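Peer 1: Input structure: model-v4.txt, which contains compact mmCIF, C-alpha atoms.
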```
# COMPACT_ATOMS: atom_id res chain seq x y z
CA MET A 1 35.21 45.36 -35.98
CA ALA A 2 32.95 43.27 -33.83
CA ILE A 3 29.92 41.56 -35.29
CA ASP A 4 26.67 41.96 -33.45
CA PRO A 5 25.88 38.35 -32.46
CA LYS A 6 22.11 38.98 -32.67
CA LEU A 7 22.40 40.30 -36.19
CA ALA A 8 24.66 37.42 -37.15
CA ASP A 9 22.10 34.92 -35.82
CA GLU A 10 19.31 36.59 -37.71
CA LEU A 11 21.29 36.62 -40.93
CA LYS A 12 22.19 32.97 -40.35
CA SER A 13 18.51 32.05 -40.21
CA GLN A 14 18.19 33.69 -43.60
CA GLY A 15 21.06 31.63 -44.99
CA VAL A 16 23.73 34.33 -44.79
CA HIS A 17 26.80 33.49 -42.73
CA VAL A 18 28.66 36.46 -41.33
CA THR A 19 32.04 36.01 -39.73
CA SER A 20 35.40 37.67 -39.32
CA PHE A 21 38.77 36.50 -40.49
CA GLU A 22 39.79 36.07 -36.88
CA GLN A 23 36.90 33.74 -36.15
CA LEU A 24 37.43 31.86 -39.37
CA ILE A 25 41.13 31.36 -38.77
CA ASN A 26 40.62 30.38 -35.14
CA TRP A 27 37.85 27.99 -36.13
CA GLY A 28 40.17 26.33 -38.60
CA ARG A 29 43.04 26.12 -36.16
CA SER A 30 41.01 24.81 -33.26
CA SER A 31 39.31 22.16 -35.39
CA SER A 32 42.41 20.44 -36.69
CA LEU A 33 45.03 20.27 -33.98
CA TRP A 34 47.72 17.87 -35.03
CA PRO A 35 49.61 16.59 -31.99
CA LEU A 36 53.27 15.71 -32.05
CA GLN A 37 53.64 11.99 -31.68
CA PHE A 38 55.79 11.37 -28.67
CA GLY A 39 55.23 10.05 -25.20
CA LEU A 40 57.52 10.14 -22.20
CA ALA A 41 55.97 7.84 -19.61
CA CYS A 42 52.77 6.17 -18.50
CA CYS A 43 50.63 9.22 -19.41
CA ALA A 44 51.42 8.35 -23.01
CA ILE A 45 49.47 5.11 -22.58
CA GLU A 46 46.38 7.11 -21.63
CA MET A 47 47.08 9.42 -24.55
CA ILE A 48 47.14 6.40 -26.87
CA ALA A 49 43.92 5.14 -25.33
CA ALA A 50 42.31 8.52 -25.94
CA THR A 51 43.10 8.28 -29.63
CA MET A 52 41.69 4.78 -30.05
CA ALA A 53 38.13 3.78 -30.85
CA LYS A 54 36.69 3.81 -27.34
CA TYR A 55 37.48 7.48 -26.60
CA ASP A 56 38.09 8.53 -30.19
CA MET A 57 39.98 11.80 -30.14
CA ALA A 58 39.24 12.02 -33.89
CA ARG A 59 35.86 13.49 -32.96
CA PHE A 60 37.69 16.71 -32.08
CA GLY A 61 40.02 16.78 -35.06
CA ALA A 62 43.13 15.83 -33.15
CA GLU A 63 43.75 12.27 -34.24
CA VAL A 64 46.49 12.93 -36.80
CA PHE A 65 49.57 12.34 -34.68
CA ARG A 66 52.51 13.59 -36.67
CA PRO A 67 55.92 11.99 -36.32
CA SER A 68 57.62 15.27 -37.26
CA PRO A 69 57.58 18.54 -35.32
CA ARG A 70 57.37 20.42 -38.62
CA GLN A 71 53.86 19.13 -39.22
CA ALA A 72 52.52 19.33 -35.68
CA ASP A 73 50.88 22.22 -33.87
CA LEU A 74 50.14 20.66 -30.51
CA MET A 75 52.75 19.30 -28.16
CA LEU A 76 51.32 16.84 -25.67
CA VAL A 77 53.93 16.49 -22.95
CA ALA A 78 52.65 13.16 -21.69
CA GLY A 79 54.79 11.95 -18.85
CA THR A 80 57.84 12.49 -16.69
CA VAL A 81 60.36 14.88 -18.21
CA THR A 82 63.76 13.81 -16.97
CA LYS A 83 66.57 16.31 -16.99
CA LYS A 84 68.27 14.24 -19.65
CA MET A 85 65.17 14.44 -21.86
CA ALA A 86 64.33 18.12 -21.25
CA PRO A 87 66.68 19.60 -23.90
CA GLN A 88 65.18 17.31 -26.53
CA VAL A 89 61.64 18.35 -25.57
CA VAL A 90 62.55 22.03 -25.81
CA ARG A 91 64.30 21.44 -29.12
CA LEU A 92 61.22 19.69 -30.52
CA TYR A 93 59.10 22.61 -29.37
CA ASN A 94 61.44 25.06 -31.11
CA GLN A 95 61.19 23.07 -34.34
CA MET A 96 57.40 23.17 -34.43
CA ALA A 97 55.84 25.71 -36.76
CA GLU A 98 53.67 28.50 -35.40
CA PRO A 99 51.01 28.59 -34.13
CA LYS A 100 51.90 25.96 -31.56
CA TYR A 101 50.33 24.95 -28.30
CA VAL A 102 51.48 22.86 -25.36
CA ILE A 103 49.42 20.63 -23.10
CA ALA A 104 51.21 19.44 -19.95
CA MET A 105 49.54 16.14 -19.21
CA GLY A 106 49.81 14.58 -15.78
CA ALA A 107 51.44 15.48 -12.49
CA CYS A 108 54.99 14.86 -13.74
CA ALA A 109 54.85 17.16 -16.75
CA ILE A 110 53.23 19.85 -14.58
CA SER A 111 55.52 19.78 -11.55
CA GLY A 112 57.65 16.66 -11.45
CA GLY A 113 54.83 14.86 -9.66
CA PRO A 114 55.89 12.07 -7.31
CA PHE A 115 59.47 12.47 -8.53
CA LYS A 116 59.69 16.14 -7.67
CA ASP A 117 62.13 15.47 -4.84
CA GLY A 118 64.42 13.47 -7.09
CA TYR A 119 67.71 14.53 -8.60
CA ASN A 120 66.97 13.60 -12.20
CA VAL A 121 63.46 14.86 -12.92
CA LEU A 122 62.56 18.27 -14.24
CA LYS A 123 60.14 19.99 -11.88
CA GLY A 124 57.68 20.91 -14.60
CA ILE A 125 58.11 21.47 -18.32
CA ASP A 126 56.82 25.03 -17.83
CA ARG A 127 60.32 25.91 -16.61
CA TYR A 128 61.44 25.98 -20.23
CA ILE A 129 58.44 26.35 -22.54
CA PRO A 130 55.08 28.11 -22.18
CA VAL A 131 52.25 25.73 -21.32
CA ASP A 132 48.70 26.48 -22.46
CA ILE A 133 46.71 23.76 -20.72
CA VAL A 134 47.60 21.64 -17.69
CA ILE A 135 45.75 18.39 -17.08
CA PRO A 136 46.19 17.09 -13.52
CA GLY A 137 46.12 13.39 -12.78
CA CYS A 138 48.49 10.51 -12.35
CA PRO A 139 47.85 9.61 -15.08
CA PRO A 140 44.77 11.58 -16.17
CA ARG A 141 41.91 9.54 -17.57
CA PRO A 142 41.41 9.73 -21.35
CA GLU A 143 38.27 11.75 -20.63
CA ALA A 144 40.43 14.29 -18.82
CA LEU A 145 42.70 14.54 -21.84
CA LEU A 146 39.68 15.12 -24.08
CA GLU A 147 38.45 17.78 -21.64
CA GLY A 148 41.86 19.44 -21.82
CA LEU A 149 41.72 19.31 -25.58
CA LEU A 150 38.28 20.95 -25.58
CA LYS A 151 39.58 23.65 -23.24
CA LEU A 152 42.44 24.28 -25.64
CA ARG A 153 39.97 24.52 -28.53
CA GLU A 154 38.03 27.07 -26.51
CA LYS A 155 41.21 28.99 -25.85
CA ILE A 156 42.17 29.02 -29.51
CA ALA A 157 38.67 30.05 -30.59
CA ASN A 158 38.90 33.13 -28.37
CA GLU A 159 42.42 34.14 -29.37
CA LYS A 160 43.01 37.67 -30.56
CA LEU A 161 45.11 37.92 -33.69
CA LEU A 162 45.40 41.71 -33.68
CA GLY A 163 45.64 44.41 -31.09
CA LYS A 164 47.24 44.66 -27.71
CA ASN A 165 46.11 41.35 -26.21
CA ARG A 166 46.90 39.23 -29.21
CA ALA A 167 48.21 35.72 -28.91
CA ARG A 168 51.93 35.05 -28.58
CA HIS A 169 52.23 33.56 -32.05
CA ALA A 170 50.43 36.54 -33.63
CA ASP A 171 52.78 39.00 -31.98
CA PRO A 172 55.87 39.81 -34.07
CA ASN A 173 57.78 40.34 -30.82
CA GLY A 174 56.50 37.14 -29.25
CA ALA A 175 59.11 34.44 -28.76
CA ALA A 176 58.84 31.53 -31.17
CA SER A 177 61.64 29.47 -29.72
CA PHE A 178 63.22 29.21 -26.33
CA PRO A 179 66.80 28.49 -25.28
CA VAL A 180 67.59 24.80 -25.14
CA PRO A 181 69.16 23.99 -21.75
CA GLU A 182 72.59 22.43 -21.79
CA TYR A 183 73.88 19.53 -19.76
CA GLY A 184 75.93 20.85 -16.88
CA PRO A 185 78.16 19.07 -14.35
CA HIS A 186 75.45 19.00 -11.66
CA ASP A 187 72.23 20.19 -13.25
CA LEU A 188 70.83 21.59 -16.45
CA ASN A 189 72.23 24.95 -17.42
CA PRO A 190 70.25 27.15 -16.92
CA PRO A 191 68.10 25.23 -14.43
CA VAL A 192 65.10 27.40 -15.30
CA ASN A 193 64.21 29.93 -17.98
CA ARG A 194 63.13 33.05 -16.10
CA GLU A 195 61.46 34.53 -19.16
CA VAL A 196 58.96 31.70 -19.13
CA TRP A 197 58.71 30.61 -15.54
CA ASN A 198 58.11 32.93 -12.63
CA PRO A 199 56.58 31.22 -9.63
CA PRO A 200 54.65 33.30 -7.13
CA THR A 201 56.68 34.67 -4.25
CA ILE A 202 55.32 33.06 -1.12
CA VAL A 203 55.06 35.29 1.91
CA ARG A 204 54.84 33.17 5.02
CA GLU A 205 54.44 33.82 8.72
CA ALA A 206 57.55 33.67 10.90
CA GLY A 207 58.46 30.03 11.36
CA GLY A 208 57.19 29.16 7.96
CA GLY A 209 55.16 26.25 6.72
CA ASP A 210 51.98 27.04 8.68
CA ALA A 211 50.63 29.86 6.61
CA MET B 1 65.27 -23.49 -4.48
CA ASN B 2 67.82 -21.98 -2.17
CA VAL B 3 71.49 -22.50 -2.69
CA GLU B 4 73.54 -24.50 -0.20
CA ILE B 5 76.07 -21.79 0.27
CA GLU B 6 78.40 -23.69 2.63
CA SER B 7 78.94 -26.48 0.13
CA ILE B 8 79.51 -23.99 -2.69
CA LEU B 9 82.09 -22.23 -0.52
CA GLU B 10 83.87 -25.57 0.04
CA LEU B 11 83.86 -26.33 -3.69
CA VAL B 12 85.26 -22.90 -4.55
CA ARG B 13 87.96 -23.18 -1.89
CA GLY B 14 88.85 -26.67 -3.07
CA ALA B 15 89.14 -25.72 -6.72
CA LEU B 16 90.72 -22.30 -6.27
CA PRO B 17 92.92 -22.47 -3.18
CA ASP B 18 94.40 -19.01 -3.72
CA VAL B 19 91.22 -16.98 -3.66
CA VAL B 20 90.25 -14.94 -0.63
CA ILE B 21 86.60 -15.69 -0.03
CA SER B 22 84.50 -15.69 3.11
CA LEU B 23 80.93 -16.38 4.09
CA ARG B 24 78.82 -13.48 5.27
CA LYS B 25 75.89 -14.56 7.38
CA ASN B 26 72.72 -12.55 7.15
CA PRO B 27 71.19 -12.54 10.64
CA GLY B 28 67.87 -11.21 9.37
CA PRO B 29 64.73 -13.31 8.85
CA SER B 30 65.48 -13.74 5.14
CA GLY B 31 68.70 -15.56 6.00
CA GLN B 32 70.14 -14.76 2.60
CA HIS B 33 73.82 -15.44 3.15
CA SER B 34 76.42 -14.22 0.76
CA LEU B 35 80.02 -14.78 -0.27
CA LEU B 36 82.47 -11.91 0.11
CA VAL B 37 85.04 -12.23 -2.64
CA GLU B 38 88.31 -10.35 -2.82
CA ALA B 39 88.36 -8.09 -5.86
CA SER B 40 91.48 -9.71 -7.33
CA SER B 41 89.83 -13.15 -7.54
CA LEU B 42 86.30 -12.11 -8.50
CA VAL B 43 86.57 -13.01 -12.18
CA ASP B 44 88.12 -16.42 -11.40
CA VAL B 45 85.37 -17.22 -8.93
CA CYS B 46 82.68 -16.18 -11.41
CA ARG B 47 84.20 -18.28 -14.15
CA PHE B 48 84.40 -21.29 -11.84
CA LEU B 49 80.79 -20.81 -10.75
CA ARG B 50 79.62 -20.53 -14.34
CA ASP B 51 81.64 -23.37 -15.86
CA GLN B 52 81.76 -25.90 -13.04
CA LEU B 53 78.70 -25.19 -10.89
CA GLU B 54 76.36 -24.17 -13.73
CA PHE B 55 75.51 -20.71 -12.40
CA ASP B 56 74.73 -19.53 -15.90
CA LEU B 57 72.56 -16.50 -15.21
CA LEU B 58 73.72 -13.23 -13.68
CA SER B 59 70.34 -11.72 -12.99
CA ASN B 60 71.29 -8.62 -11.07
CA VAL B 61 74.27 -6.48 -10.23
CA THR B 62 73.84 -3.63 -7.81
CA GLY B 63 75.88 -1.38 -5.59
CA ILE B 64 75.92 -0.35 -1.97
CA ASP B 65 77.59 2.70 -0.53
CA TRP B 66 79.10 2.25 2.93
CA PRO B 67 80.48 5.56 4.14
CA GLU B 68 80.70 4.04 7.64
CA PRO B 69 82.30 0.61 7.21
CA ALA B 70 81.27 -0.70 10.66
CA LYS B 71 77.63 -0.66 9.54
CA ALA B 72 78.39 -2.99 6.65
CA ASP B 73 79.45 -5.73 9.03
CA LYS B 74 76.37 -5.37 11.16
CA VAL B 75 74.20 -6.25 8.19
CA ALA B 76 76.27 -9.16 6.97
CA VAL B 77 78.28 -10.82 9.71
CA ASP B 78 81.65 -12.33 8.96
CA GLU B 79 81.88 -16.00 9.95
CA THR B 80 85.61 -15.84 10.63
CA GLU B 81 86.46 -14.91 14.19
CA GLY B 82 88.27 -11.69 14.90
CA ALA B 83 87.79 -10.21 11.45
CA VAL B 84 88.12 -6.47 11.56
CA SER B 85 86.14 -4.21 9.27
CA PRO B 86 88.16 -1.75 7.21
CA GLU B 87 88.88 1.72 8.55
CA GLU B 88 87.69 3.68 5.59
CA GLY B 89 84.34 3.72 3.89
CA PHE B 90 83.98 1.68 0.74
CA LEU B 91 81.64 0.74 -2.05
CA GLU B 92 80.27 -2.73 -2.43
CA VAL B 93 79.06 -4.46 -5.58
CA VAL B 94 76.52 -7.26 -5.14
CA TYR B 95 75.93 -9.98 -7.74
CA HIS B 96 72.94 -12.30 -7.84
CA LEU B 97 73.66 -15.55 -9.67
CA PHE B 98 71.13 -18.17 -10.66
CA SER B 99 71.44 -21.60 -12.22
CA THR B 100 68.73 -22.20 -14.78
CA THR B 101 69.76 -25.82 -15.29
CA LYS B 102 69.83 -26.75 -11.61
CA ARG B 103 67.01 -24.32 -10.79
CA VAL B 104 68.78 -22.86 -7.77
CA GLY B 105 69.46 -19.32 -6.72
CA PRO B 106 70.14 -16.66 -5.92
CA LEU B 107 73.77 -17.05 -5.01
CA VAL B 108 74.83 -13.68 -3.66
CA LEU B 109 78.40 -12.50 -4.23
CA ARG B 110 79.78 -9.31 -2.73
CA CYS B 111 82.89 -7.49 -3.74
CA ARG B 112 84.33 -4.41 -2.03
CA THR B 113 86.41 -1.54 -3.28
CA ALA B 114 89.40 -0.30 -1.32
CA ASP B 115 87.88 3.13 -0.71
CA ARG B 116 85.30 5.55 -2.06
CA ARG B 117 87.75 7.76 -3.98
CA GLU B 118 90.58 6.92 -6.36
CA SER B 119 90.71 3.21 -5.60
CA ALA B 120 86.98 2.62 -6.07
CA ARG B 121 87.74 -0.23 -8.45
CA VAL B 122 86.30 -3.68 -9.00
CA PRO B 123 87.18 -6.01 -11.88
CA SER B 124 84.50 -6.28 -14.52
CA VAL B 125 82.78 -9.63 -14.96
CA VAL B 126 81.61 -8.84 -18.49
CA SER B 127 84.13 -11.39 -19.82
CA VAL B 128 82.22 -14.07 -17.91
CA TYR B 129 78.66 -12.75 -17.86
CA ARG B 130 77.76 -10.57 -20.83
CA SER B 131 74.60 -9.42 -19.03
CA ALA B 132 76.73 -7.46 -16.59
CA GLU B 133 77.65 -4.87 -19.18
CA PHE B 134 74.78 -2.42 -18.76
CA GLN B 135 74.40 -3.07 -15.05
CA GLU B 136 78.04 -2.29 -14.41
CA ARG B 137 77.65 0.89 -16.43
CA GLU B 138 74.71 1.82 -14.23
CA ILE B 139 76.75 1.24 -11.06
CA PHE B 140 79.59 3.25 -12.55
CA ASP B 141 77.10 6.02 -13.26
CA LEU B 142 75.23 6.09 -9.96
CA PHE B 143 77.87 4.91 -7.47
CA GLY B 144 81.15 5.72 -9.17
CA VAL B 145 82.67 2.24 -9.10
CA ASN B 146 85.28 1.85 -11.83
CA PHE B 147 85.05 -1.56 -13.42
CA THR B 148 88.48 -2.45 -14.74
CA GLY B 149 88.31 -4.39 -17.99
CA HIS B 150 84.82 -3.21 -18.90
CA PRO B 151 84.61 -2.86 -22.70
CA ASP B 152 82.54 0.34 -22.76
CA LEU B 153 82.46 2.08 -19.39
CA ARG B 154 80.32 5.19 -19.90
CA ARG B 155 77.43 6.76 -18.05
CA ILE B 156 74.16 5.09 -18.97
CA LEU B 157 71.41 7.04 -17.17
CA MET B 158 72.81 10.49 -16.52
CA TRP B 159 74.34 12.58 -19.24
CA ASP B 160 78.05 12.38 -20.03
CA GLU B 161 78.84 15.84 -18.66
CA PHE B 162 77.46 14.93 -15.24
CA VAL B 163 80.15 14.53 -12.58
CA ASP B 164 78.35 13.35 -9.43
CA HIS B 165 77.21 9.91 -8.36
CA PRO B 166 73.60 10.32 -7.23
CA MET B 167 73.16 7.07 -5.31
CA ARG B 168 76.04 7.79 -2.95
CA LYS B 169 74.90 8.71 0.51
CA ASP B 170 76.83 11.97 0.53
CA TYR B 171 75.34 13.13 -2.78
CA VAL B 172 73.73 16.55 -2.60
CA ALA B 173 71.03 17.15 -5.21
CA PRO B 174 70.94 20.54 -6.95
CA ASP B 175 68.84 22.95 -4.93
CA ASP B 176 66.20 23.76 -7.52
CA TYR B 177 63.28 23.72 -5.12
CA GLU B 178 61.82 27.17 -5.33
CA TYR B 179 58.11 26.87 -5.09
CA GLU B 180 56.24 24.40 -2.94
CA PRO B 181 52.64 25.13 -1.93
CA THR B 182 52.39 22.74 1.03
CA PRO B 183 55.87 21.73 2.20
CA HIS B 184 56.40 19.35 5.08
CA ASP B 185 59.18 17.31 6.71
CA ALA B 186 62.39 17.20 4.70
CA VAL B 187 60.82 19.18 1.87
CA LEU B 188 59.94 21.94 4.35
CA GLU B 189 63.58 22.19 5.39
CA LYS B 190 64.54 22.48 1.74
CA ALA B 191 61.82 25.02 0.96
CA LYS B 192 62.72 27.17 3.99
CA ARG B 193 66.06 28.00 2.43
CA HIS B 194 64.17 29.81 -0.31
CA TYR B 195 61.87 31.81 1.93
CA PRO B 196 62.43 35.55 1.95
CA ALA B 197 64.58 36.65 4.87
CA GLN B 198 62.58 37.40 8.01
CA SER B 199 62.83 41.01 9.07
```
Show how you would write the structure in this file as C-alpha cells.

Peer 2:
Amino acid sequence: MAIDPKLADELKSQGVHVTSFEQLINWGRSSSLWPLQFGLACCAIEMIAATMAKYDMARFGAEVFRPSPRQADLMLVAGTVTKKMAPQVVRLYNQMAEPKYVIAMGACAISGGPFKDGYNVLKGIDRYIPVDIVIPGCPPRPEALLEGLLKLREKIANEKLLGKNRARHADPNGAASFPVPEYGPHDLNPPVNREVWNPPTIVREAGGGDA
Amino acid sequence: MNVEIESILELVRGALPDVVISLRKNPGPSGQHSLLVEASSLVDVCRFLRDQLEFDLLSNVTGIDWPEPAKADKVAVDETEGAVSPEEGFLEVVYHLFSTTKRVGPLVLRCRTADRRESARVPSVVSVYRSAEFQEREIFDLFGVNFTGHPDLRRILMWDEFVDHPMRKDYVAPDDYEYEPTPHDAVLEKAKRHYPAQS
C-alpha cells in the first residue's frame, strides 16, 4: 500500500514518522553497502583513493571493505578482468550473500577497454554476472566512483521487494549464483553466459560499418 | 657503457674453441650488435661470460617468432660471408646480459631453435642465471619454446589447460567479438563476420 507523500510530510512535521517496510529495508541496505575488498588493476588505486580521507567514501556508508565475500554486499570490479581471473571473480560473486550488487568500474571491467582486441582479456564482466552500475573512465576519478555509489544507493532505495517488478534478489526464481566458466584449450568455456549477457543485434546497411 | 662485442667474441672463441658463435651486425641506427650462439653451447658460453667476464646480471630474456627465416637475417646481418639462412621458420630466444661490476651492457645473445614444431628446443640457462626461471617460463607459455633442463617448466601467464602460444605470428585469437558499436580497420573486418547475412 502506497503512502501519500503529502500526508507523510504533514505527519512528519507533527513528529510522526510513517514509512513502509520496503522503504525501511531499502534505506538500511542502501546506507551500509559493504564492498568486497579486491582490486584487479589501476582502477583499484582510484578505489583506494576514494576510501581515504580526501574523498572519504565513509560519508556514504561504504567504507567497510570486507576481506570475505560472505560479509560483503557490493562487488566493485575495479580493473581489467583477464580470462584467467574471470572464474575467480564469478566464484566470489556466487559466494556473496544476497542482496548483492555489482559496480563495473572503468573501461576494462565494462568492455575490456583498451585491451578489448587482446587474446587474454575478458570483454566485460557483464558476460558472466549481472552488473548494476557501470562507471566509465580509464580510470574513473574518485568522484566518479562516489557518483556511481550514489546512483546505486538511488537504485536500491527504489527497489521493489514484492510484486511483479521486484528486484532479482527478492524474487524466489531469481538467480543467486551464475555458472563459473572453466578454462578451455583456447578460451573460457563457455565464452559468455547467454542468460546474463545479450548484446543488441546490430542491423547495418549493406557494406557495413557506415551505419 | 656499451660492450665491445668484437673483443668479447675473441675472448669466447679463445677460451671455448668448440663453440659455434657468430657476430650478428645490426645495421639500424641503434647499432646493437649481438652474438648468435648455437643451442648446444649456450650454457657453456653463459657460464664463461658470468665467471670470467663478470656478466653477472641477466636482465631480460625474450623470444622472437620467425615464420619466414629470411627476414631474420635482414634484421641482424651475419658477418661471415656466404652464410645461408635456414630453410624453415624458427623461434629465437634473446638474452640481455649486463655486468654490474664493470658497468657495461647490454650484451645481446641470440639462440635459435631448429624449427617451430617438435624441435623448438633451447637449453635452459637457469643453472647459470637463476633470474631466467620465470622469463623462460613466460617464453615457453607465449612462444612455445621448450627449455631443456628447466627445473619447473609450466605456463606462467595463461592457464594450464591452454594449448596455444599467443605471441606466435600465426596465432589466431578466439573469435569472441560480437558487439562493437563503432568498428574500424582490423576490428571492422572482425566485426563483419558477426553481421547478419545480407539478403

Peer 1: So the first atom is atom CA of A:Ser177 and the second is atom CA of A:Ile125; what is the distance between them in Å, to one decimal place?

Peer 2: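 For atom CA of A:Ser177 relative to atom CA of A:Ile125, the distance reads 14.4 Å.
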
Peer 1: Pick from A:Gly118, A:Ile3, A:Ala58, A:Lys84: nearest to A:Asn189, with all atoms listed in the file counted?

Peer 2: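 Of all the options, A:Lys84 lies closest to A:Asn189.
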
Peer 1: If we count all atoms listed in the file, which residues of chain B reach to within 7 Å of chain A? Please list them as a list in words.

Peer 2: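 Within 7 Å of chain A on chain B, we get Met158, Trp159, Glu161, Phe162, Val163, Asp164, Ala173, Pro174, Tyr179, Pro183, Leu188 and Gln198 of chain B.
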
Peer 1: If you keep C-alpha atoms, can you produce a file of those selected residues as an mmCIF file, in the frame of the given file?

Peer 2:
```cif
data_model
loop_
_atom_site.group_PDB
_atom_site.id
_atom_site.type_symbol
_atom_site.label_atom_id
_atom_site.label_comp_id
_atom_site.auth_asym_id
_atom_site.auth_seq_id
_atom_site.Cartn_x
_atom_site.Cartn_y
_atom_site.Cartn_z
ATOM 1 C CA MET B 158 72.810 10.490 -16.520
ATOM 2 C CA TRP B 159 74.340 12.580 -19.240
ATOM 3 C CA GLU B 161 78.840 15.840 -18.660
ATOM 4 C CA PHE B 162 77.460 14.930 -15.240
ATOM 5 C CA VAL B 163 80.150 14.530 -12.580
ATOM 6 C CA ASP B 164 78.350 13.350 -9.430
ATOM 7 C CA ALA B 173 71.030 17.150 -5.210
ATOM 8 C CA PRO B 174 70.940 20.540 -6.950
ATOM 9 C CA TYR B 179 58.110 26.870 -5.090
ATOM 10 C CA PRO B 183 55.870 21.730 2.200
ATOM 11 C CA LEU B 188 59.940 21.940 4.350
ATOM 12 C CA GLN B 198 62.580 37.400 8.010
#
```

Peer 1: Anything within 7 Å of (52.6, 20.7, -38.2): list those residues as a PDB file with C-alpha atoms, in the coordinates of the input, counting all atoms listed in the file and sticking to the file's coordinates.

Peer 2:
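Output below, filename part-v9.pdb:
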```
ATOM      1  CA  TRP A  34      47.720  17.870 -35.030  1.00  0.00           C
ATOM      2  CA  PRO A  69      57.580  18.540 -35.320  1.00  0.00           C
ATOM      3  CA  ARG A  70      57.370  20.420 -38.620  1.00  0.00           C
ATOM      4  CA  GLN A  71      53.860  19.130 -39.220  1.00  0.00           C
ATOM      5  CA  ALA A  72      52.520  19.330 -35.680  1.00  0.00           C
ATOM      6  CA  ASP A  73      50.880  22.220 -33.870  1.00  0.00           C
ATOM      7  CA  MET A  96      57.400  23.170 -34.430  1.00  0.00           C
ATOM      8  CA  ALA A  97      55.840  25.710 -36.760  1.00  0.00           C
TER       9      ALA A  97
END
```

Peer 1: What is the distance, in Å and to one decimal place, between atom CA of B:Glu88 and atom CA of B:Leu157?

Peer 2: 28.2 Å

Peer 1: One decimal, in Å: what's the spacing between atom CA of A:Glu98 and atom CA of A:Pro142?

Peer 2: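 Calculated distance between atom CA of A:Glu98 and atom CA of A:Pro142 is 26.5 Å.
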
Peer 1: List as a PDB file with C-alpha atoms, in the coordinates of the input the protein and nucleic acid residues near A:His17, meaning an atom at most 12 Å away when only C-alpha atoms are counted, but skip any in the same chain fewer than 6 places from it.

Peer 2:
```pdb
ATOM      1  CA  ILE A   3      29.920  41.560 -35.290  1.00  0.00           C
ATOM      2  CA  PRO A   5      25.880  38.350 -32.460  1.00  0.00           C
ATOM      3  CA  LEU A   7      22.400  40.300 -36.190  1.00  0.00           C
ATOM      4  CA  ALA A   8      24.660  37.420 -37.150  1.00  0.00           C
ATOM      5  CA  ASP A   9      22.100  34.920 -35.820  1.00  0.00           C
ATOM      6  CA  GLU A  10      19.310  36.590 -37.710  1.00  0.00           C
ATOM      7  CA  LEU A  11      21.290  36.620 -40.930  1.00  0.00           C
ATOM      8  CA  LEU A  24      37.430  31.860 -39.370  1.00  0.00           C
TER       9      LEU A  24
END
```

Peer 1: For A:Val196, find every residue with an atom within 8 Å (counting all atoms listed in the file), except residues of its own chain fewer than 2 positions away, and show them as a PyMOL selection string.

Peer 2: chain A and resi 126-130+193-194+198

Peer 1: Using all atoms listed in the file, can you tell me which of B:Val128, B:Val172, B:Val43, B:Val104 comes closest to B:Met1?

Peer 2: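 Between B:Val128, B:Val172, B:Val43, B:Val104, the residue approaching B:Met1 most closely is B:Val104.
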
Peer 1: Show me, as a CSV table (one decimal) with C-alpha atoms, in the frame of the given file, the residues that have an atom within 8 Å of B:Tyr177 when counting all atoms listed in the file, minus same-chain residues fewer than 5 positions from it.

Peer 2:
```csv
chain,number,residue,atom,x,y,z
B,190,LYS,CA,64.5,22.5,1.7
B,191,ALA,CA,61.8,25.0,1.0
B,194,HIS,CA,64.2,29.8,-0.3
```

Peer 1: Write out as a ChimeraX atom specification which residues come within 12 Å of A:Leu150 when counting all atoms listed in the file, dropping same-chain ones fewer than 2 positions away.

Peer 2: /A:30-33,57,59-62,103,133,135,143-148,152-157

Peer 1: Keeping C-alpha atoms, export the residues of the selection given above as a short mmCIF file (atom, residue, chain, number, x, y, z; two decimals), in the coordinates of the input.

Peer 2:
```cif
data_model
loop_
_atom_site.label_atom_id
_atom_site.label_comp_id
_atom_site.auth_asym_id
_atom_site.auth_seq_id
_atom_site.Cartn_x
_atom_site.Cartn_y
_atom_site.Cartn_z
CA SER A 30 41.01 24.81 -33.26
CA SER A 31 39.31 22.16 -35.39
CA SER A 32 42.41 20.44 -36.69
CA LEU A 33 45.03 20.27 -33.98
CA MET A 57 39.98 11.80 -30.14
CA ARG A 59 35.86 13.49 -32.96
CA PHE A 60 37.69 16.71 -32.08
CA GLY A 61 40.02 16.78 -35.06
CA ALA A 62 43.13 15.83 -33.15
CA ILE A 103 49.42 20.63 -23.10
CA ILE A 133 46.71 23.76 -20.72
CA ILE A 135 45.75 18.39 -17.08
CA GLU A 143 38.27 11.75 -20.63
CA ALA A 144 40.43 14.29 -18.82
CA LEU A 145 42.70 14.54 -21.84
CA LEU A 146 39.68 15.12 -24.08
CA GLU A 147 38.45 17.78 -21.64
CA GLY A 148 41.86 19.44 -21.82
CA LEU A 152 42.44 24.28 -25.64
CA ARG A 153 39.97 24.52 -28.53
CA GLU A 154 38.03 27.07 -26.51
CA LYS A 155 41.21 28.99 -25.85
CA ILE A 156 42.17 29.02 -29.51
CA ALA A 157 38.67 30.05 -30.59
#
```

Peer 1: Mind listing as a PyMOL selection string all residues within 9 Å of (61.0, 22.0, -28.6), counting all atoms listed in the file?

Peer 2: chain A and resi 69+75+86-96+129+177-178+180

Peer 1: Suppose we keep C-alpha atoms; can you now write the selection as a PDB file, keeping the file's coordinate frame?

Peer 2:
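Okay, out-v4.pdb is ready:
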```pdb
ATOM      1  CA  PRO A  69      57.580  18.540 -35.320  1.00  0.00           C
ATOM      2  CA  MET A  75      52.750  19.300 -28.160  1.00  0.00           C
ATOM      3  CA  ALA A  86      64.330  18.120 -21.250  1.00  0.00           C
ATOM      4  CA  PRO A  87      66.680  19.600 -23.900  1.00  0.00           C
ATOM      5  CA  GLN A  88      65.180  17.310 -26.530  1.00  0.00           C
ATOM      6  CA  VAL A  89      61.640  18.350 -25.570  1.00  0.00           C
ATOM      7  CA  VAL A  90      62.550  22.030 -25.810  1.00  0.00           C
ATOM      8  CA  ARG A  91      64.300  21.440 -29.120  1.00  0.00           C
ATOM      9  CA  LEU A  92      61.220  19.690 -30.520  1.00  0.00           C
ATOM     10  CA  TYR A  93      59.100  22.610 -29.370  1.00  0.00           C
ATOM     11  CA  ASN A  94      61.440  25.060 -31.110  1.00  0.00           C
ATOM     12  CA  GLN A  95      61.190  23.070 -34.340  1.00  0.00           C
ATOM     13  CA  MET A  96      57.400  23.170 -34.430  1.00  0.00           C
ATOM     14  CA  ILE A 129      58.440  26.350 -22.540  1.00  0.00           C
ATOM     15  CA  SER A 177      61.640  29.470 -29.720  1.00  0.00           C
ATOM     16  CA  PHE A 178      63.220  29.210 -26.330  1.00  0.00           C
ATOM     17  CA  VAL A 180      67.590  24.800 -25.140  1.00  0.00           C
TER      18      VAL A 180
END
```
